[in-house]
>>> print(open('coords_17.cif').read())   # mmCIF, C-alpha atoms
data_data
loop_
_atom_site.label_atom_id
_atom_site.label_comp_id
_atom_site.auth_asym_id
_atom_site.auth_seq_id
_atom_site.Cartn_x
_atom_site.Cartn_y
_atom_site.Cartn_z
CA MET A 292 0.15 16.29 0.94
CA ALA A 293 2.31 13.34 1.95
CA ILE A 294 4.44 13.65 5.11
CA LEU A 295 7.73 15.27 4.09
CA ASP A 296 11.13 14.04 5.25
CA GLU A 297 14.26 16.20 5.47
CA ASP A 298 15.08 15.93 1.76
CA GLY A 299 11.51 16.72 0.71
CA PHE A 300 11.29 19.72 3.04
CA ALA A 301 14.67 21.04 1.87
CA ARG A 302 13.43 20.90 -1.74
CA LEU A 303 10.21 22.70 -0.77
CA LEU A 304 12.13 25.55 0.89
CA LYS A 305 14.20 26.07 -2.26
CA THR A 306 11.08 26.92 -4.26
CA PRO A 307 8.58 29.82 -4.00
CA PHE A 308 6.15 27.71 -1.94
CA THR A 309 2.52 28.67 -1.31
CA GLU A 310 1.84 26.43 1.70
CA HIS A 311 1.21 28.33 4.92
CA ILE A 312 0.32 25.72 7.60
CA PHE A 313 3.25 23.64 8.94
CA PHE A 314 3.69 20.99 11.62
CA ILE A 315 7.35 20.16 12.39
CA PHE A 316 8.04 17.01 14.41
CA GLY A 317 10.52 14.14 14.63
CA ASP A 318 13.21 12.70 16.90
CA ASP A 319 16.15 14.94 15.90
CA SER A 320 16.03 18.14 17.99
CA TYR A 321 18.92 19.74 16.07
CA LEU A 322 17.30 19.30 12.65
CA LYS A 323 13.95 20.56 13.95
CA GLU A 324 15.60 23.79 15.10
CA VAL A 325 17.63 24.21 11.91
CA TYR A 326 14.68 23.74 9.57
CA ALA A 327 12.31 25.88 11.64
CA GLU A 328 14.87 28.70 11.29
CA ARG A 329 15.11 28.10 7.54
CA LEU A 330 11.34 28.17 7.17
CA MET A 331 11.04 31.42 9.17
CA LYS A 332 13.84 32.95 7.10
CA ALA A 333 12.03 31.98 3.89
CA VAL A 334 8.80 33.57 5.18
CA LEU A 335 10.46 36.74 6.54
CA PRO A 336 13.72 37.32 4.66
CA ASP A 337 13.91 40.95 5.87
CA GLU A 338 15.09 40.86 9.53
CA THR A 339 14.06 44.47 10.07
CA LEU A 340 10.37 43.56 9.68
CA LYS A 341 10.36 40.71 12.23
CA PHE A 342 9.38 43.10 15.03
CA PHE A 343 6.00 43.67 13.35
CA ASN A 344 5.40 40.33 11.64
CA PHE A 345 6.94 37.59 13.77
CA HIS A 346 4.94 36.22 16.72
CA VAL A 347 5.95 33.43 19.11
CA TYR A 348 3.77 31.38 21.45
CA GLU A 349 6.16 29.32 23.55
CA ASP A 350 4.97 26.84 26.18
CA ASP A 351 2.25 29.29 27.22
CA ASP A 352 -1.45 29.02 27.86
CA THR A 353 -2.66 31.05 24.89
CA PRO A 354 -5.92 29.47 23.69
CA LEU A 355 -5.89 28.19 20.13
CA ASP A 356 -8.83 30.49 19.31
CA ASP A 357 -6.65 33.50 20.22
CA ILE A 358 -3.81 32.22 18.03
CA PHE A 359 -6.17 31.81 15.07
CA ALA A 360 -7.57 35.31 15.73
CA ASP A 361 -4.03 36.74 15.71
CA ALA A 362 -3.37 34.91 12.44
CA ASP A 363 -6.14 37.00 10.82
CA THR A 364 -4.02 40.11 11.37
CA PRO A 365 -2.58 41.46 8.09
CA PRO A 366 1.21 41.84 7.82
CA VAL A 367 2.91 45.21 8.19
CA MET A 368 4.99 46.33 5.17
CA ALA A 369 5.59 42.68 4.22
CA GLU A 370 3.95 39.91 2.24
CA LYS A 371 3.62 37.52 5.17
CA ASN A 372 3.05 37.29 8.89
CA CYS A 373 4.80 34.42 10.69
CA PHE A 374 3.31 32.72 13.76
CA LEU A 375 5.50 30.20 15.60
CA VAL A 376 3.70 27.95 18.11
CA LYS A 377 6.19 25.92 20.17
CA ASN A 378 5.39 22.67 22.01
CA TYR A 379 1.63 23.19 22.03
CA PRO A 380 0.09 20.00 23.54
CA LEU A 381 -2.15 19.08 20.63
CA ASP A 382 -1.79 15.42 21.60
CA SER A 383 -3.93 16.16 24.68
CA LEU A 384 -6.93 17.04 22.51
CA GLY A 385 -9.66 14.48 22.03
CA GLU A 386 -10.87 13.27 18.64
CA LYS A 387 -13.73 15.79 18.50
CA ALA A 388 -11.48 18.72 19.46
CA LEU A 389 -8.95 17.72 16.80
CA LYS A 390 -11.63 17.51 14.15
CA ALA A 391 -12.90 20.95 15.20
CA LEU A 392 -9.46 22.39 14.40
CA GLU A 393 -9.72 21.51 10.72
CA ASP A 394 -11.90 24.48 9.69
CA PRO A 395 -9.86 27.14 11.60
CA LEU A 396 -6.65 25.78 10.06
CA LYS A 397 -8.11 25.91 6.56
CA GLU A 398 -9.38 29.45 7.17
CA VAL A 399 -5.97 30.90 8.09
CA PRO A 400 -5.33 33.54 5.38
CA ASP A 401 -2.55 33.05 2.84
CA THR A 402 -0.82 36.13 4.25
CA SER A 403 -0.15 34.29 7.54
CA VAL A 404 2.22 31.34 7.93
CA LEU A 405 1.37 29.25 10.99
CA ILE A 406 4.11 26.90 12.25
CA PHE A 407 3.52 24.33 14.98
CA HIS A 408 7.02 23.42 16.12
CA TYR A 409 8.08 20.81 18.73
CA PRO A 410 11.78 21.31 19.48
CA THR A 411 11.79 19.59 22.89
CA VAL A 412 9.24 16.81 22.33
CA ASP A 413 10.76 13.36 21.75
CA PHE A 414 8.76 11.62 19.04
CA THR A 415 10.80 8.38 19.13
CA GLY A 416 8.44 5.45 18.57
CA MET A 417 5.59 7.91 18.17
CA ARG A 418 3.55 6.07 15.56
CA ARG A 419 3.46 2.93 17.67
CA ASP A 420 3.22 4.44 21.17
CA TYR A 421 1.43 7.77 20.71
CA PRO A 422 -1.66 7.34 18.52
CA LYS A 423 -2.88 10.83 19.47
CA TRP A 424 0.13 12.37 17.73
CA ALA A 425 -0.67 10.26 14.68
CA GLY A 426 -4.11 11.92 14.57
CA VAL A 427 -2.52 15.36 14.86
CA ILE A 428 -0.11 14.61 12.02
CA GLU A 429 -2.93 13.36 9.82
CA LEU A 430 -4.83 16.61 10.49
CA PHE A 431 -1.88 18.74 9.37
CA ARG A 432 -1.20 16.50 6.40
CA ARG A 433 -4.73 17.29 5.20
CA CYS A 434 -4.67 21.00 6.06
CA GLY A 435 -1.07 21.90 5.32
CA VAL A 436 2.40 20.35 5.54
CA ALA A 437 3.57 17.79 8.08
CA VAL A 438 7.38 17.51 8.25
CA GLU A 439 9.13 14.62 10.01
CA LEU A 440 12.76 15.41 10.85
CA SER A 441 14.31 12.24 12.22
CA HIS A 442 17.91 11.21 12.74
CA ARG A 443 19.92 11.06 9.53
CA THR A 444 21.20 7.66 8.45
CA PRO A 445 24.82 6.88 9.38
CA LYS A 446 25.73 7.15 5.68
CA LYS A 447 24.28 10.69 5.43
CA ARG A 448 25.97 11.77 8.65
CA ALA A 449 29.28 10.36 7.41
CA GLN A 450 28.95 12.29 4.14
CA MET A 451 28.27 15.46 6.16
CA LEU A 452 31.46 14.91 8.20
CA VAL A 453 33.55 14.26 5.06
CA ARG A 454 32.31 17.54 3.55
CA GLY A 455 32.76 19.36 6.86
CA GLY A 456 36.34 18.17 7.19
CA ALA A 457 37.22 19.46 3.74
CA ALA A 458 35.61 22.84 4.55
CA ARG A 459 37.75 23.09 7.72
CA GLY A 460 41.05 22.41 5.96
CA THR A 461 41.39 18.80 7.11
CA SER A 462 40.06 15.44 5.90
CA ILE A 463 38.23 12.42 7.25
CA ASP A 464 37.45 9.30 5.24
CA ALA A 465 34.02 7.63 5.27
CA GLU A 466 35.15 4.68 7.39
CA THR A 467 36.59 6.92 10.13
CA ALA A 468 33.48 9.12 9.96
CA LEU A 469 31.25 6.08 10.54
CA TYR A 470 33.50 5.03 13.43
CA MET A 471 33.06 8.47 15.01
CA ILE A 472 29.28 8.29 14.52
CA ASP A 473 29.21 4.94 16.31
CA ILE A 474 30.93 6.59 19.26
CA CYS A 475 28.88 9.81 19.36
CA GLY A 476 25.40 8.37 18.80
CA ASP A 477 22.36 9.76 16.96
CA ASP A 478 22.24 13.32 18.29
CA LEU A 479 23.40 15.59 15.48
CA ALA A 480 24.18 18.59 17.70
CA THR A 481 26.49 16.43 19.84
CA LEU A 482 28.12 14.94 16.76
CA LEU A 483 28.86 18.37 15.26
CA ASN A 484 30.22 19.73 18.56
CA GLU A 485 32.56 16.76 18.88
CA PHE A 486 33.59 17.08 15.23
CA ASN A 487 34.48 20.74 15.65
CA LYS A 488 36.65 19.78 18.62
CA LEU A 489 38.24 16.98 16.59
CA CYS A 490 39.03 19.27 13.64
CA SER A 491 40.77 21.73 15.99
CA PHE A 492 42.78 18.86 17.46
CA ALA A 493 43.74 17.58 13.98
CA ASP A 494 45.10 21.05 13.05
CA GLY A 495 45.05 20.40 9.31
CA GLN A 496 46.21 16.77 9.50
CA PRO A 497 44.01 13.91 8.18
CA ILE A 498 41.72 12.66 10.95
CA THR A 499 42.43 9.08 12.09
CA LYS A 500 40.61 6.62 14.34
CA GLU A 501 43.34 7.16 16.93
CA MET A 502 42.49 10.89 16.98
CA VAL A 503 38.81 10.02 17.42
CA ASP A 504 39.61 7.73 20.38
CA GLU A 505 41.82 10.39 21.96
CA THR A 506 39.48 13.34 21.50
CA VAL A 507 35.83 12.37 21.14
CA THR A 508 33.56 11.80 24.16
CA LYS A 509 31.59 8.59 23.81
CA SER A 510 27.82 8.62 24.12
CA VAL A 511 26.27 6.62 26.95
CA GLU A 512 24.85 4.19 24.37
CA ALA A 513 28.27 3.58 22.80
CA SER A 514 29.91 3.14 26.20
CA VAL A 515 27.23 0.72 27.32
CA PHE A 516 27.56 -1.24 24.07
CA ASP A 517 31.24 -1.61 24.97
CA ILE A 518 30.19 -2.89 28.41
CA SER A 519 27.92 -5.46 26.76
CA ALA A 520 30.66 -6.51 24.34
CA MET A 521 33.10 -6.99 27.22
CA ILE A 522 30.56 -9.08 29.14
CA PHE A 523 29.80 -11.23 26.08
CA SER A 524 33.53 -11.80 25.50
CA GLY A 525 34.24 -12.57 29.17
CA ASN A 526 36.33 -9.46 29.89
CA ALA A 527 34.77 -8.52 33.22
CA ASP A 528 37.63 -6.22 34.27
CA ARG A 529 37.15 -3.96 31.26
CA ALA A 530 33.35 -3.94 31.75
CA PHE A 531 33.82 -2.67 35.32
CA GLU A 532 36.33 -0.04 34.14
CA ILE A 533 33.82 1.41 31.67
CA VAL A 534 31.07 1.46 34.32
CA TYR A 535 33.30 3.29 36.79
CA GLU A 536 34.26 5.81 34.11
CA LEU A 537 30.58 6.54 33.40
CA LEU A 538 29.93 7.00 37.12
CA ARG A 539 32.99 9.26 37.43
CA LEU A 540 31.43 11.46 34.74
CA LYS A 541 28.25 11.56 36.88
CA THR A 542 26.16 9.72 34.29
CA PRO A 543 22.72 8.97 35.79
CA ILE A 544 22.02 5.29 36.41
CA GLN A 545 18.78 5.13 34.42
CA PRO A 546 20.33 5.82 30.98
CA ILE A 547 23.02 3.21 31.72
CA LEU A 548 20.49 0.56 32.71
CA GLY A 549 18.25 1.52 29.79
CA ALA A 550 21.06 1.19 27.26
CA LEU A 551 22.18 -2.12 28.79
CA ASN A 552 18.64 -3.43 28.53
CA GLN A 553 18.47 -2.26 24.90
CA SER A 554 21.70 -4.11 24.09
CA TYR A 555 20.36 -7.35 25.54
CA MET A 556 16.97 -6.90 23.86
CA THR A 557 18.76 -6.44 20.54
CA VAL A 558 20.64 -9.69 21.15
CA TYR A 559 17.38 -11.44 22.06
CA ARG A 560 15.59 -10.20 18.95
CA TYR A 561 18.52 -11.08 16.72
CA LYS A 562 18.80 -14.64 18.02
CA ALA A 563 15.02 -15.18 18.02
CA ALA A 564 14.84 -14.04 14.40
CA LYS A 565 17.78 -16.26 13.46
CA ALA A 566 16.18 -19.28 15.14
CA ALA A 567 12.98 -18.61 13.19
CA GLY A 568 14.88 -18.41 9.91
CA ARG A 569 14.27 -14.68 9.50
CA SER A 570 16.84 -12.41 7.87
CA ILE A 571 18.10 -9.17 9.39
CA ALA A 572 16.12 -7.24 6.76
CA GLU A 573 12.93 -9.05 7.80
CA LEU A 574 13.71 -8.42 11.48
CA LEU A 575 14.10 -4.69 10.83
CA THR A 576 10.66 -4.64 9.20
CA ASP A 577 8.99 -6.85 11.81
CA MET A 578 10.27 -4.83 14.79
CA GLY A 579 9.86 -1.36 13.27
CA TYR A 580 13.58 -0.58 13.08
CA LYS A 581 14.89 1.81 10.44
CA ALA A 582 16.50 0.29 7.35
CA ASP A 583 19.96 1.66 8.22
CA GLN A 584 20.02 -0.09 11.63
CA GLY A 585 21.10 -3.44 10.21
CA TYR A 586 24.69 -2.66 11.13
CA VAL A 587 23.70 -2.78 14.83
CA PHE A 588 22.69 -6.41 14.47
CA GLN A 589 25.88 -7.23 12.58
CA LYS A 590 27.87 -5.83 15.52
CA ILE A 591 25.75 -7.73 18.02
CA ALA A 592 26.17 -10.98 16.09
CA ALA A 593 29.94 -10.69 16.31
CA HIS A 594 29.80 -10.50 20.12
CA ALA A 595 26.84 -12.63 21.13
CA SER A 596 26.44 -15.40 18.55
CA GLY A 597 27.42 -18.10 21.06
CA LEU A 598 25.23 -16.90 23.94
CA PRO A 599 22.30 -19.30 24.61
CA MET A 600 18.77 -17.88 24.71
CA ASP A 601 18.17 -19.03 28.29
CA LYS A 602 21.14 -16.92 29.43
CA ILE A 603 19.86 -13.91 27.54
CA ARG A 604 16.47 -14.29 29.26
CA ARG A 605 18.19 -14.58 32.64
CA SER A 606 20.21 -11.43 31.92
CA LEU A 607 17.08 -9.50 30.95
CA HIS A 608 15.47 -10.59 34.22
CA ILE A 609 18.51 -9.28 36.14
CA LEU A 610 18.24 -5.94 34.34
CA MET A 611 14.51 -5.71 35.04
CA GLU A 612 15.11 -6.32 38.76
CA ALA A 613 17.88 -3.70 38.76
CA ASP A 614 15.58 -1.14 37.14
CA VAL A 615 12.93 -1.72 39.83
CA LYS A 616 15.56 -1.53 42.59
CA SER A 617 17.01 1.72 41.19
CA LYS A 618 13.58 3.37 41.49
CA SER A 619 12.50 1.91 44.81
CA THR A 620 15.58 1.76 47.07
CA ALA A 621 18.26 4.13 48.31
CA ALA A 622 21.09 1.91 47.04
CA SER A 623 23.95 3.96 45.54
CA PRO A 624 24.44 3.81 41.75
CA TYR A 625 27.98 2.49 42.36
CA THR A 626 26.74 -0.44 44.44
CA LEU A 627 23.79 -1.24 42.17
CA LEU A 628 25.74 -1.16 38.91
CA THR A 629 28.60 -3.17 40.40
CA GLU A 630 26.11 -5.86 41.43
CA VAL A 631 24.40 -5.83 38.03
CA ILE A 632 27.63 -6.18 36.05
CA ALA A 633 28.86 -8.95 38.39
CA GLU A 634 25.57 -10.86 37.92
CA LEU A 635 25.60 -10.40 34.13
CA CYS A 636 29.22 -11.60 33.97
CA ALA A 637 28.30 -14.62 36.09
CA VAL A 638 25.52 -15.51 33.65
#
>>> encode(input="coords_17.cif", output="structure tokens")
Amino acid sequence: MAILDEDGFARLLKTPFTEHIFFIFGDDSYLKEVYAERLMKAVLPDETLKFFNFHVYEDDDTPLDDIFADADTPPVMAEKNCFLVKNYPLDSLGEKALKALEDPLKEVPDTSVLIFHYPTVDFTGMRRDYPKWAGVIELFRRCGVAVELSHRTPKKRAQMLVRGGAARGTSIDAETALYMIDICGDDLATLLNEFNKLCSFADGQPITKEMVDETVTKSVEASVFDISAMIFSGNADRAFEIVYELLRLKTPIQPILGALNQSYMTVYRYKAAKAAGRSIAELLTDMGYKADQGYVFQKIAAHASGLPMDKIRRSLHILMEADVKSKSTAASPYTLLTEVIAELCAV
């Protein structure tokens, strides 16, 4: 079976499916939890029978052979047994060990549903950076169902917020929803928590961008993008203000430096592609970005179109030195970030 995305998996769960081997992965922790719950509910709709027929192996040392032996156990007063295996390090297995798993997986009886679930593993960039996971996914694609639950596109998230606003007795238009998504970032659990807070604040009134600015907590990535935009536009005072606010909120220095580096790398890639006569669509394909990330480059272009490549390279060198210094010296985050922003503004 082909690797299923969220839409494909949702359709599967709406039908009387016969598949009984599942591997749930992806970079959206919220969706992985939601759909694992839906799958378990579809397998064991009667909550009273979970005591007998629901088994969890969570971050433990249970050998795979023991799990497969348990899966041979017939269900009690139900059609199915459900076995949930959380965060099992299958990526640590060698090629031979992975191949040896194929027969046991195929021999799991139809009366047992075996779910390998990875709620806390970050699969971002997995296919490029983690070839062992790619082998695991291919194994489950052959033996059962591999489900990739990655971040929803901004358009899908905006549609979800528009529907959610109507259900809560308020309203938010698509443009304001996209604005809020820009501020909150990719994490769906964070977005929904902030949206619930925003709906309470709106108290039945239509949600505006001003309400979003007043109520919603910005993600580190959004705040750092604002820092970059202020540096590119020459507004050093505002860049320092945002940095100090992040430090006041006790934001660790590494995510700030990482997001700053990502902003400058995005500028570098955008300008390199432009110089080579490549379109944004071609850049997305060449660099492995998702199709919906074109808007990021449009935003970058508005702020950094006049910045020469040599200055971008110099800025990236400053950020690299700061990253090394943050891991090898006892300099305070306040001092280090102040120096970094001053140097980037000087460039």
>>> closest_residue(input="coords_17.cif", among="A:Ala465, A:Phe342, A:Tyr625, A:Ser554", to="A:Glu536", atoms="all atoms listed in the file")
A:Tyr625
>>> atom_distance(input="coords_17.cif", atom1="atom CA of A:Cys490", atom2="atom CA of A:Ser510")
18.7 Å
>>> atom_distance(input="coords_17.cif", atom1="atom CA of A:Gly385", atom2="atom CA of A:Lys423")
8.1 Å
>>> resolve_selection(input="coords_17.cif", expression="the PyMOL selection byres ((chain A and resi 517) around 12)", output="JSON, numbers by chain")
{"A": [473, 474, 509, 510, 511, 512, 513, 514, 515, 516, 518, 519, 520, 521, 522, 523, 524, 526, 527, 529, 530, 531, 532, 533, 534, 537, 547, 550, 551, 554, 590, 591, 594]}
>>> residues_around(input="coords_17.cif", residues="stretch 442-445 of chain A", least_positions_apart="2", cutoff="8 Å", atoms="all atoms listed in the file", output="list in words")
Asp318, Asp319, Leu440, Lys447, Arg448, Ala449, Leu469, Ile472, Asp477, Asp478, Leu479 and Asp583 of chain A
>>> axis_aligned_box(input="coords_17.cif", around="stretch 508-517 of chain A", padding_each_side="6 Å", output="JSON")
{"center_x": 29.2, "center_y": 5.1, "center_z": 25.1, "size_x": 20.7, "size_y": 25.4, "size_z": 16.5}
>>> closest_residue(input="coords_17.cif", among="A:Ala566, A:Val334, A:Ile544, A:Leu635", to="A:Val615", atoms="only C-alpha atoms")
A:Ile544
>>> resolve_selection(input="coords_17.cif", expression="the PyMOL selection byres ((chain A and resi 491) around 12)", output="MDAnalysis selection string")
chainID A and resid 456 459:462 484:490 492:498 502:503 506:507
>>> atom_distance(input="coords_17.cif", atom1="atom CA of A:Leu322", atom2="atom CA of A:Thr353")
26.2 Å
>>> closest_residue(input="coords_17.cif", among="A:Phe359, A:Tyr535, A:Phe308, A:Phe300", to="A:Val325", atoms="only C-alpha atoms")
A:Phe300
>>> closest_residue(input="coords_17.cif", among="A:Ala621, A:Met611, A:Leu340, A:Val436", to="A:Leu295", atoms="only C-alpha atoms")
A:Val436
>>> closest_residue(input="coords_17.cif", among="A:Val427, A:Asp577, A:Pro307, A:Tyr321", to="A:Tyr561", atoms="all atoms listed in the file")
A:Asp577
>>> closest_residue(input="coords_17.cif", among="A:Phe316, A:Tyr470, A:Tyr559, A:Phe407", to="A:Asp296", atoms="all atoms listed in the file")
A:Phe316
>>> resolve_selection(input="coords_17.cif", expression="the PyMOL selection byres ((chain A and resi 390-395) around 12)", output="MDAnalysis selection string")
chainID A and resid 312 355:363 381 384:389 396:400 405 426:435
